[in-house]
Structure formats: C-alpha cells, structure tokens
file entry_35.txt (compact mmCIF, C-alpha atoms)
# COMPACT_ATOMS: atom_id res chain seq x y z
CA MET K 1 0.00 0.00 0.00
CA THR K 2 1.32 3.41 -0.96
CA SER K 3 1.99 5.65 2.03
CA ARG K 4 -0.23 8.73 2.24
CA THR K 5 0.08 11.94 4.20
CA GLU K 6 -3.61 12.51 5.04
CA ARG K 7 -4.57 12.30 8.70
CA ILE K 8 -7.87 10.85 9.87
CA LEU K 9 -9.40 11.18 13.31
CA ILE K 10 -11.96 8.65 14.59
CA ILE K 11 -14.21 9.58 17.53
CA ASP K 12 -16.31 6.61 18.64
CA ALA K 13 -17.15 5.20 22.08
CA ASP K 14 -17.44 1.73 20.50
CA GLU K 15 -13.88 0.47 20.79
CA LYS K 16 -14.39 -2.43 18.38
CA ALA K 17 -15.94 -0.25 15.69
CA ARG K 18 -13.18 2.32 16.20
CA THR K 19 -10.46 -0.33 15.97
CA ASP K 20 -11.91 -2.01 12.86
CA LEU K 21 -12.24 1.30 11.00
CA SER K 22 -8.77 2.35 12.12
CA ARG K 23 -7.20 -0.87 10.80
CA TYR K 24 -8.93 -0.56 7.49
CA LEU K 25 -7.86 3.07 7.03
CA GLU K 26 -4.29 2.36 8.11
CA ALA K 27 -4.19 -0.48 5.60
CA ARG K 28 -5.14 2.12 2.98
CA GLY K 29 -2.09 4.15 3.98
CA PHE K 30 -3.68 6.89 6.11
CA TYR K 31 -2.41 8.21 9.43
CA VAL K 32 -5.18 7.36 11.91
CA THR K 33 -5.83 8.50 15.48
CA GLY K 34 -8.77 7.30 17.53
CA TYR K 35 -10.51 8.62 20.67
CA SER K 36 -13.52 7.47 22.60
CA ASP K 37 -15.14 10.90 22.92
CA LEU K 38 -14.85 14.50 21.80
CA SER K 39 -13.34 15.79 25.04
CA ALA K 40 -10.46 13.33 24.76
CA ALA K 41 -9.78 14.49 21.19
CA ARG K 42 -9.89 18.24 21.92
CA ALA K 43 -6.13 18.52 22.55
CA LEU K 44 -5.54 17.40 18.98
CA PHE K 45 -7.08 20.61 17.64
CA ASP K 46 -4.46 22.80 19.31
CA ASP K 47 -1.54 21.36 17.33
CA ASN K 48 -2.47 19.04 14.52
CA ILE K 49 -5.94 19.36 13.04
CA PRO K 50 -6.84 16.21 11.03
CA ASP K 51 -7.85 16.18 7.38
CA VAL K 52 -11.06 14.16 7.92
CA ILE K 53 -13.02 13.19 11.05
CA PHE K 54 -15.19 10.05 11.40
CA ALA K 55 -17.42 10.55 14.43
CA ASP K 56 -20.27 8.72 16.13
CA LEU K 57 -21.64 11.80 17.86
CA PRO K 58 -25.10 13.28 18.35
CA PRO K 59 -26.08 16.25 16.15
CA ALA K 60 -25.40 18.77 18.95
CA ALA K 61 -21.82 17.50 19.35
CA ILE K 62 -21.32 17.51 15.57
CA ARG K 63 -22.50 21.12 15.48
CA ASP K 64 -20.05 22.04 18.27
CA LEU K 65 -17.21 20.26 16.48
CA ASP K 66 -18.06 21.94 13.17
CA THR K 67 -18.02 25.35 14.87
CA ARG K 68 -14.56 24.66 16.33
CA LEU K 69 -13.26 23.70 12.91
CA GLU K 70 -14.64 26.88 11.35
CA GLU K 71 -13.01 28.97 14.08
CA ALA K 72 -9.72 27.25 13.32
CA GLU K 73 -10.18 28.35 9.67
CA THR K 74 -9.59 24.86 8.33
CA PHE K 75 -11.60 22.75 5.93
CA THR K 76 -11.96 19.44 7.75
CA PRO K 77 -15.08 17.50 6.79
CA ILE K 78 -16.95 15.45 9.38
CA VAL K 79 -18.36 12.03 8.49
CA ALA K 80 -21.10 10.90 10.87
CA CYS K 81 -20.96 7.17 11.64
CA TYR K 82 -24.32 5.79 12.85
CA SER K 83 -25.76 2.34 13.51
CA THR K 84 -29.26 3.63 12.86
CA GLU K 85 -30.96 3.59 9.47
CA SER K 86 -33.41 6.35 10.44
CA SER K 87 -33.59 9.03 7.78
CA ALA K 88 -34.28 11.62 10.49
CA ASP K 89 -30.91 10.84 12.14
CA VAL K 90 -29.15 11.22 8.81
CA VAL K 91 -30.85 14.54 8.05
CA ASN K 92 -30.14 15.90 11.56
CA ALA K 93 -26.46 14.99 11.23
CA LEU K 94 -26.20 16.72 7.86
CA ARG K 95 -27.98 19.81 9.19
CA ALA K 96 -25.59 19.89 12.14
CA GLY K 97 -22.63 20.17 9.77
CA ALA K 98 -21.67 16.64 8.74
CA ALA K 99 -20.33 16.41 5.18
CA ASP K 100 -21.56 12.81 4.79
CA VAL K 101 -23.03 9.89 6.73
CA VAL K 102 -21.93 6.21 6.72
CA LEU K 103 -23.57 3.28 8.43
CA LYS K 104 -21.76 1.15 11.00
CA PRO K 105 -19.96 -1.10 10.85
CA CYS K 106 -18.21 1.20 8.39
CA SER K 107 -15.66 -1.35 7.14
CA ASP K 108 -18.36 -3.80 6.02
CA ASP K 109 -19.21 -1.82 2.89
CA LYS K 110 -15.70 -1.07 1.71
CA GLY K 111 -16.79 0.16 -1.70
CA ALA K 112 -19.13 2.79 -0.22
CA LEU K 113 -16.51 3.80 2.36
CA ASP K 114 -13.82 4.18 -0.33
CA ASP K 115 -16.15 6.35 -2.40
CA VAL K 116 -16.82 8.61 0.59
CA ILE K 117 -13.12 8.89 1.38
CA GLU K 118 -12.07 9.72 -2.18
CA LYS K 119 -14.86 12.27 -2.58
CA LEU K 120 -13.97 13.96 0.70
CA PHE K 121 -10.25 14.07 0.02
CA ASP K 122 -10.85 15.53 -3.43
CA ARG K 123 -12.75 18.33 -1.70
CA VAL K 124 -10.05 18.64 0.96
CA ARG K 125 -7.30 18.95 -1.65
CA VAL K 126 -9.21 21.56 -3.65
CA ASN K 127 -9.96 23.60 -0.56
CA ARG K 128 -6.39 23.35 0.71
CA LEU K 129 -5.12 24.50 -2.68
CA ASN K 130 -7.60 27.37 -2.64
CA GLN K 131 -6.46 28.28 0.85
CA LEU K 132 -2.82 28.20 -0.29
CA TYR K 133 -3.60 30.36 -3.32
CA ARG K 134 -5.54 32.74 -1.11
CA GLN K 135 -2.59 33.06 1.26
CA GLU K 136 -0.21 33.64 -1.64
CA LEU K 137 -2.59 36.24 -3.08
CA GLU K 138 -2.85 37.99 0.27
CA GLU K 139 0.94 38.06 0.58
CA ALA K 140 1.24 39.40 -2.97
CA ASN K 141 -1.38 42.06 -2.24
CA ARG K 142 0.42 42.99 0.96
CA ASP K 143 3.70 43.33 -0.93
CA LEU K 144 1.90 45.35 -3.60
CA ARG K 145 0.37 47.68 -1.00
CA ASP K 146 3.78 48.16 0.59
CA GLY K 147 5.29 48.87 -2.83
CA ILE K 148 2.54 51.35 -3.71
CA SER K 149 2.94 53.07 -0.36
CA GLU K 150 6.69 53.41 -0.95
CA LEU K 151 6.06 54.64 -4.50
CA ARG K 152 3.60 57.26 -3.24
CA ALA K 153 6.15 58.44 -0.69
CA ASP K 154 8.74 58.73 -3.46
CA GLN K 155 6.27 60.59 -5.66
CA ARG K 156 5.42 63.01 -2.85
CA ALA K 157 9.12 63.69 -2.38
CA GLY K 158 9.58 64.11 -6.14
CA ARG K 159 6.59 66.45 -6.32
CA LYS K 160 8.09 68.64 -3.59
CA VAL K 161 11.34 68.81 -5.55
CA GLN K 162 9.46 69.81 -8.71
CA LEU K 163 7.48 72.51 -6.93
CA ARG K 164 10.65 73.99 -5.47
CA MET K 165 12.26 74.07 -8.91
CA LEU K 166 9.49 76.23 -10.34
CA PRO K 167 9.96 80.00 -10.33
CA ASP K 168 7.93 82.16 -7.96
CA ARG K 169 4.59 83.27 -9.28
CA GLU K 170 3.64 86.91 -9.93
CA GLN K 171 7.14 88.24 -10.66
CA GLU K 172 8.22 91.57 -12.17
CA PHE K 173 11.29 91.69 -14.43
CA ALA K 174 12.53 94.79 -16.25
CA GLY K 175 9.05 96.13 -16.80
CA ILE K 176 7.17 92.89 -17.49
CA HIS K 177 4.92 90.84 -15.25
CA VAL K 178 5.24 87.02 -15.41
CA ASP K 179 2.99 84.37 -13.87
CA HIS K 180 2.43 80.65 -14.42
CA LEU K 181 0.24 77.63 -13.76
CA ILE K 182 1.22 73.97 -13.93
CA LYS K 183 -1.12 71.01 -13.43
CA PRO K 184 0.19 67.43 -13.68
CA SER K 185 -1.98 64.62 -15.02
CA LEU K 186 -0.11 62.27 -12.68
CA TYR K 187 1.53 63.05 -9.36
CA LEU K 188 4.70 64.08 -11.17
CA SER K 189 4.73 66.36 -14.20
CA GLY K 190 6.51 66.07 -17.52
CA ASP K 191 5.84 69.75 -18.21
CA PHE K 192 8.25 72.38 -17.02
CA LEU K 193 8.69 76.13 -17.29
CA ASP K 194 11.00 78.83 -16.07
CA TYR K 195 11.68 82.55 -16.44
CA PHE K 196 14.46 84.78 -15.16
CA PRO K 197 16.43 87.92 -16.10
CA ILE K 198 19.62 87.41 -18.10
CA SER K 199 20.59 91.10 -18.22
CA LYS K 200 19.30 94.43 -16.99
CA ASP K 201 16.60 94.62 -19.65
CA GLU K 202 16.32 91.04 -20.97
CA VAL K 203 14.20 88.20 -19.62
CA LEU K 204 14.33 84.59 -20.78
CA VAL K 205 11.15 82.54 -20.63
CA TYR K 206 10.70 78.96 -21.77
CA ILE K 207 8.15 76.17 -21.59
CA ALA K 208 8.99 72.50 -22.13
CA ASP K 209 7.00 69.31 -22.54
CA VAL K 210 8.91 66.07 -21.94
CA SER K 211 7.83 63.00 -23.89
CA GLY K 212 5.87 60.51 -21.80
CA HIS K 213 4.67 60.82 -18.22
CA GLY K 214 5.67 59.87 -14.72
CA ALA K 215 9.01 59.63 -12.94
CA SER K 216 11.30 59.29 -15.98
CA SER K 217 9.81 62.39 -17.59
CA ALA K 218 9.91 64.26 -14.29
CA PHE K 219 13.61 63.44 -14.05
CA VAL K 220 14.22 65.36 -17.28
CA THR K 221 12.63 68.45 -15.72
CA VAL K 222 15.30 68.27 -13.01
CA LEU K 223 17.91 68.13 -15.75
CA LEU K 224 16.39 71.23 -17.40
CA LYS K 225 16.46 73.20 -14.17
CA ASN K 226 20.01 72.15 -13.45
CA LEU K 227 21.09 73.16 -16.95
CA THR K 228 19.50 76.62 -16.81
CA ASN K 229 21.12 77.23 -13.41
CA ARG K 230 24.53 76.26 -14.82
CA LEU K 231 24.08 78.45 -17.88
CA GLN K 232 23.21 81.41 -15.68
CA ARG K 233 26.29 80.79 -13.54
CA ASN K 234 28.43 80.51 -16.66
CA LEU K 235 27.12 83.87 -17.86
CA ARG K 236 27.95 85.53 -14.53
CA ARG K 237 31.44 83.99 -14.60
CA GLU K 238 31.82 85.02 -18.27
CA SER K 239 32.75 81.44 -19.18
CA SER K 240 29.83 80.99 -21.59
CA ASP K 241 27.10 83.17 -23.03
CA ASP K 242 24.98 80.34 -24.53
CA ILE K 243 21.96 81.42 -22.52
CA LEU K 244 21.82 84.72 -24.41
CA TYR K 245 20.95 82.92 -27.66
CA PRO K 246 17.73 80.89 -28.02
CA GLU K 247 19.20 78.46 -30.56
CA ARG K 248 22.26 77.74 -28.44
CA PHE K 249 20.04 77.24 -25.41
CA LEU K 250 18.23 74.47 -27.32
CA GLU K 251 21.55 73.00 -28.49
CA ARG K 252 22.70 72.66 -24.87
CA ILE K 253 19.47 70.93 -23.86
CA ASN K 254 19.82 68.62 -26.86
CA SER K 255 23.35 67.53 -25.97
CA GLU K 256 22.46 67.03 -22.30
CA LEU K 257 19.50 64.80 -23.18
CA LEU K 258 21.51 62.70 -25.62
CA ASP K 259 24.22 62.23 -23.00
CA THR K 260 21.74 60.82 -20.47
CA GLY K 261 20.69 57.98 -22.77
CA LEU K 262 17.17 58.08 -21.31
CA GLY K 263 15.52 57.97 -24.72
CA LYS K 264 13.56 61.10 -23.86
CA HIS K 265 12.99 64.11 -26.05
CA VAL K 266 11.48 67.50 -25.29
CA THR K 267 9.40 70.03 -27.16
CA VAL K 268 10.49 73.52 -26.15
CA PHE K 269 9.67 77.14 -26.83
CA VAL K 270 12.32 79.57 -25.59
CA GLY K 271 12.05 83.33 -25.95
CA ILE K 272 14.18 86.27 -24.90
CA ILE K 273 12.36 89.57 -24.38
CA SER K 274 14.35 92.78 -24.61
CA ILE K 275 12.54 95.74 -23.11
CA GLU K 276 15.15 98.22 -24.36
CA LYS K 277 15.04 96.98 -27.96
CA ARG K 278 11.33 96.08 -27.70
CA THR K 279 11.87 92.70 -29.38
CA LEU K 280 11.14 89.04 -28.79
CA ARG K 281 13.74 86.63 -30.15
CA TYR K 282 12.74 82.97 -29.95
CA ALA K 283 13.42 79.45 -31.16
CA VAL K 284 11.00 76.56 -31.45
CA GLY K 285 11.86 72.95 -30.64
CA ALA K 286 8.71 71.36 -32.16
CA HIS K 287 6.61 72.98 -29.47
CA PHE K 288 2.87 73.07 -29.96
CA PRO K 289 0.66 75.03 -29.69
CA MET K 290 2.67 78.10 -30.44
CA PRO K 291 2.42 80.98 -27.94
CA ILE K 292 -0.20 83.66 -28.49
CA LEU K 293 1.00 87.25 -28.81
CA SER K 294 -1.55 89.99 -28.22
CA PHE K 295 -1.03 93.72 -28.63
CA GLU K 296 -3.10 96.29 -26.77
CA GLY K 297 -5.78 97.53 -29.15
CA GLY K 298 -4.38 95.41 -31.94
CA GLU K 299 -3.98 91.93 -33.32
CA THR K 300 -3.99 88.68 -31.34
CA ALA K 301 -2.36 85.73 -33.10
CA PHE K 302 -0.21 82.65 -32.69
CA LEU K 303 3.48 83.24 -33.22
CA GLU K 304 4.98 81.80 -36.40
CA GLY K 305 7.81 79.30 -36.40
CA SER K 306 8.83 75.66 -36.35
CA GLY K 307 11.82 73.51 -35.50
CA LEU K 308 13.05 70.02 -34.63
CA PRO K 309 12.29 68.39 -31.28
CA VAL K 310 15.09 68.54 -28.72
CA GLY K 311 16.95 65.38 -27.74
CA LEU K 312 16.51 63.25 -30.88
CA PHE K 313 19.23 64.33 -33.33
CA GLU K 314 23.00 64.62 -33.01
CA GLN K 315 23.52 67.97 -34.74
CA PRO K 316 20.21 69.73 -35.22
CA GLU K 317 19.89 73.39 -36.11
CA TRP K 318 17.21 75.81 -34.99
CA GLU K 319 16.16 79.02 -36.64
CA VAL K 320 15.83 82.17 -34.55
CA TYR K 321 12.72 84.27 -35.08
CA GLU K 322 12.24 87.88 -34.05
CA VAL K 323 9.14 90.02 -33.63
CA ALA K 324 8.88 93.67 -32.69
CA LEU K 325 7.14 94.55 -29.45
CA ASP K 326 6.40 98.14 -30.44
CA LYS K 327 3.12 98.23 -28.47
CA PRO K 328 2.12 97.08 -25.00
CA PHE K 329 1.81 93.31 -25.34
CA ARG K 330 0.75 90.11 -23.71
CA LEU K 331 2.41 86.76 -24.43
CA ILE K 332 0.75 83.49 -23.37
CA LEU K 333 2.64 80.18 -23.55
CA PHE K 334 0.88 76.79 -23.33
CA SER K 335 1.86 73.14 -23.26
CA ASP K 336 -0.12 70.85 -25.57
CA GLY K 337 -2.12 69.46 -22.65
CA ILE K 338 -4.27 72.60 -22.84
CA LEU K 339 -5.73 71.36 -26.14
CA GLU K 340 -6.90 68.13 -24.51
CA VAL K 341 -9.34 69.95 -22.22
CA ILE K 342 -10.87 72.16 -24.91
CA LYS K 343 -14.10 70.58 -26.11
CA ALA K 344 -13.84 70.83 -29.86
CA LYS K 345 -13.61 68.19 -32.58
CA SER K 346 -10.72 69.30 -34.74
CA LEU K 347 -7.31 70.72 -33.88
CA ASP K 348 -8.11 73.90 -35.80
CA GLU K 349 -11.24 74.37 -33.70
CA LYS K 350 -9.28 73.83 -30.50
CA GLU K 351 -6.70 76.43 -31.51
CA GLY K 352 -9.50 78.78 -32.57
CA THR K 353 -11.15 78.44 -29.15
CA LEU K 354 -7.85 79.19 -27.42
CA LEU K 355 -7.29 82.24 -29.58
CA GLU K 356 -10.82 83.48 -28.91
CA LEU K 357 -10.31 83.17 -25.15
CA VAL K 358 -7.14 85.26 -25.19
CA SER K 359 -8.41 87.86 -27.67
CA GLY K 360 -11.59 88.14 -25.59
CA GLY K 361 -9.60 89.20 -22.54
CA ARG K 362 -8.84 85.81 -20.94
CA HIS K 363 -5.13 86.45 -20.80
CA THR K 364 -4.32 86.05 -17.09
CA ILE K 365 -3.62 82.74 -15.37
CA ALA K 366 -6.69 83.10 -13.15
CA SER K 367 -9.05 83.95 -16.02
CA LEU K 368 -7.77 81.11 -18.23
CA ASN K 369 -8.02 78.68 -15.34
CA GLU K 370 -11.61 79.75 -14.78
CA ALA K 371 -12.62 79.76 -18.45
CA LEU K 372 -11.25 76.24 -19.02
CA ASN K 373 -12.49 74.95 -15.64
CA LEU K 374 -9.11 73.39 -14.92
CA ASP K 375 -9.77 73.14 -11.18
CA GLY K 376 -12.97 71.20 -11.89
CA ILE K 377 -11.24 68.41 -13.87
CA THR K 378 -10.30 65.59 -11.49
CA GLU K 379 -8.30 63.53 -14.00
CA LEU K 380 -6.41 65.51 -16.61
CA PRO K 381 -5.61 63.63 -19.83
CA ASP K 382 -2.20 65.32 -20.02
CA ASP K 383 0.02 67.69 -18.07
CA ILE K 384 -0.89 71.36 -18.47
CA ALA K 385 1.46 74.32 -18.18
CA ILE K 386 0.70 78.00 -18.87
CA VAL K 387 2.95 81.05 -18.68
CA SER K 388 1.63 84.59 -19.02
CA VAL K 389 3.89 87.54 -19.79
CA THR K 390 2.40 91.05 -19.60
CA ASP K 391 4.08 94.31 -20.60
CA THR K 392 3.98 96.90 -17.80
CA ILE K 393 6.79 99.16 -18.98
CA ASN K 394 4.42 102.08 -19.61
CA GLY K 395 2.77 101.74 -16.24
CA THR K 396 -0.23 99.86 -17.63
CA ASP K 397 -1.06 96.74 -15.61
CA PHE K 398 -2.99 94.35 -17.80
CA THR K 399 -3.01 91.67 -15.12
CA SER K 400 -6.06 93.31 -13.57
CA SER K 401 -8.12 92.72 -16.74
CA LYS K 402 -10.71 89.98 -16.95
call {"tool": "encode", "arguments": {"input": "entry_35.txt", "output": "structure tokens"}}
result
Amino acid sequence: MTSRTERILIIDADEKARTDLSRYLEARGFYVTGYSDLSAARALFDDNIPDVIFADLPPAAIRDLDTRLEEAETFTPIVACYSTESSADVVNALRAGAADVVLKPCSDDKGALDDVIEKLFDRVRVNRLNQLYRQELEEANRDLRDGISELRADQRAGRKVQLRMLPDREQEFAGIHVDHLIKPSLYLSGDFLDYFPISKDEVLVYIADVSGHGASSAFVTVLLKNLTNRLQRNLRRESSDDILYPERFLERINSELLDTGLGKHVTVFVGIISIEKRTLRYAVGAHFPMPILSFEGGETAFLEGSGLPVGLFEQPEWEVYEVALDKPFRLILFSDGILEVIKAKSLDEKEGTLLELVSGGRHTIASLNEALNLDGITELPDDIAIVSVTDTINGTDFTSSK
C-alpha cells in the first residue's frame, strides 16, 4: 500500500468499531488516530488538526465540532458514523454540519466507504489549494500595497522637488509681469517652465514638454532646471554666453538629453524679451501650440515658427525668429495638454477656441483657469502648463483685466 500523508481522526465510544475502522484506514495508507469521545480528542485541535473526522456523535456534538473547525479556519469534513438507518438521524447529522453519513460497521461496505473517502479528500485537496492560493494572493497584495505606499512616498518627495524648482509666481522683471500655472496629469509632471532675467533689460522665458509621463519624464525636468542654473552661472562667470541665444540654449538641452541615454525628447519654446530693444527673439523645438501674442488695441495671433524636437538628433539646427514689441503686449505660452481639455472636434477648432479666449480678454492665469475649468477636472488627460507675460513698462497693468 502506498503511504499517504492525510490524517484521519476517529471519535467513537465503541472500541471495536473504532479499531476495525482504524485498521482498514491504516491499511489504505492513512495516518489514523482514535478517541472514545470528543473531550479526549480536543487537545488534537491545538496542534495538529486532522484532514477528515469520522465521528459517532449526536447532532449537537457535531454542530459544536463543526463550529470549532470553522473557528480554526480549516476545511476538515466530518463524516457521521451511525448504527441507525433512520432518515431523520441522517438529516439531523447533515444539518448539524456533517459532510456525509456512513452506516456502522463502516468497514463492512468497503466500496461505499472508499467512495466517501475519495470524494472527501478531493474536496479537501481543492480547498487546501484554494487556501494556499488565497494566502499567496494575500501576501502578494500585501507586498503590492507596501510597494505602492513606498512609491507614493517617493512621488510626494519628487513632487516637492518639482514645486521647489518652479519660479515664484507673480514676478516683475525689467518692466514685465510674469505668472504661471502647472497642473500634472499624474503626481509628477513632464511639463516644465521657467523665467528669469539674463541682463538688466532682458528676460528669458521657456516652456517645455517632456515625452511621456511619470518619474522618468519628471527626471528630465530636473535636468532642465540644473542646466538653466549652470548656464546662468556661466554667464555671470563670463565662461559661456549660450543662454543669451535661443538656438544655443536648445543646443545645450539637446546635448544634455543625448548624454543621459534616457531615450527622452522634449518640445520647447524659448524666448528672450528685450525691453530696451522692444523685441522678442525665440526658437522653437517642435513645441505646440505656439504661444499667443496679443497687442493692446491690436492683433492677437499665434506666433509663427517651427523647429526640430530637442533630444533626438546629433547635430540639429534651430532658426531664430524675431518680432517687434512696439506696443504694449501680452504673451501666453501653453503646453499641448491645454488642447486636450478644450471641447472641440478638430485641432483647428481647439486652436480657434484658445485664440478666442485670449483675444476676448482671458489672458491672465486666473481667467484662463476659470474659463477652461481646470480646477474642476479631477483627471487631466495630459500635463498642463501655462505662462503669461504682460508688458507693464508704460505703467499699464494688464493683469487686472478679466
């Protein structure tokens, strides 16, 4: 007989019946333990709960035993062993929690007993496997929750770093007022922006949109901030004046991105505003939509220009564009996420809506935020960044407009 690992408990006051059943089951290869009553068998439940129990017990005792097994969170079926052939006794035993009923002497009908045993152990094996899978799933879920909790902590830390990298809002530089808004679609943003003076009358402003989302894209924003800081230091030390030229600014970003090997590219608009010369010089690294330039009492339109994305090619070249700022002006920069929240079918219609908002007086961060209901959107389809630049050189403050 092949040795088996299943354990069977027999509870029967009839010593002969208990012994005969025990011998038969042991001959089948089972581990068998027998007790005369339930109280004598109770100690077994503290250490080594059996796989199946054969018991000649009244329904009340079967119910008590079944309750103990449920509290132990184990699937151990109970087989009631009765000498009676009364159907009422069989029904009462089943109602009390017995999985099956066999008639004593149990070993007389070996075929029926074998069928009961095989059926029960099939159920036991399935339930034990389910219990094992459930435990493994719970452990996997626990590990997943721990991982998510750690990831959220990392994202919170990363978000704090990103917020600290952004320039202060509501700043005045050389006669222009600059403000911004940035809303990430995820916890971390792939959009970035910055603005700062590079001379007594010149201010550099740029907006960038890193390909993709999440942590890897957010890392590139750190690289951008680090690069602009270094270029400003180089200018002060007179070791490099790259930051004074929009095309060379893009070239530096391009080389830095290629060196990282991250496989990330960036769309960028960078502009340098000269208050003394009243000009805007800019370069476009495949950025879209183009910024909107609005003159007081005059035309409102998207700037012209195009160029290659930054971080894809070894030796790209970018054209520098220049427009005259001969009237009080407003310049609004957007990342492409702004188009995702405008409810229009075509791209032309989306751009038209954006142009209408700005030409209609929605040129401040607060008014654009309100008009597009950005605070009311719980899940943004893409990161959104906006920069507003308003001319105040003549003492006119357009930031107070609608």
call {"tool": "residues_around", "arguments": {"input": "entry_35.txt", "residues": "Ser216 of chain K", "least_positions_apart": "4", "cutoff": "10 Å", "atoms": "all atoms listed in the file", "output": "PyMOL selection string"}}
result
chain K and resi 188-190+210-212+220-221+262-264
call {"tool": "closest_residue", "arguments": {"input": "entry_35.txt", "among": "K:His363, K:Thr33, K:Ser335, K:Glu304", "to": "Asp179 of chain K", "atoms": "all atoms listed in the file"}}
result
K:His363
call {"tool": "closest_residue", "arguments": {"input": "entry_35.txt", "among": "K:Leu231, K:Ala72, K:Val126, K:Leu380", "to": "Pro184 of chain K", "atoms": "all atoms listed in the file"}}
result
K:Leu380
call {"tool": "residues_around", "arguments": {"input": "entry_35.txt", "residues": "Asp51 of chain K", "least_positions_apart": "3", "cutoff": "8 Å", "atoms": "all atoms listed in the file", "output": "short mmCIF file (atom, residue, chain, number, x, y, z; two decimals) with C-alpha atoms, keeping the file's coordinate frame"}}
result
data_model
loop_
_atom_site.label_atom_id
_atom_site.label_comp_id
_atom_site.auth_asym_id
_atom_site.auth_seq_id
_atom_site.Cartn_x
_atom_site.Cartn_y
_atom_site.Cartn_z
CA GLU K 6 -3.61 12.51 5.04
CA ARG K 7 -4.57 12.30 8.70
CA ILE K 8 -7.87 10.85 9.87
CA LEU K 9 -9.40 11.18 13.31
CA PHE K 75 -11.60 22.75 5.93
CA THR K 76 -11.96 19.44 7.75
CA PRO K 77 -15.08 17.50 6.79
CA VAL K 124 -10.05 18.64 0.96
#
call {"tool": "residues_around", "arguments": {"input": "entry_35.txt", "residues": "Asp348 of chain K", "least_positions_apart": "6", "cutoff": "12 Å", "atoms": "only C-alpha atoms", "output": "list in words"}}
result
Pro289, Leu339, Ile342, Leu354 and Leu355 of chain K
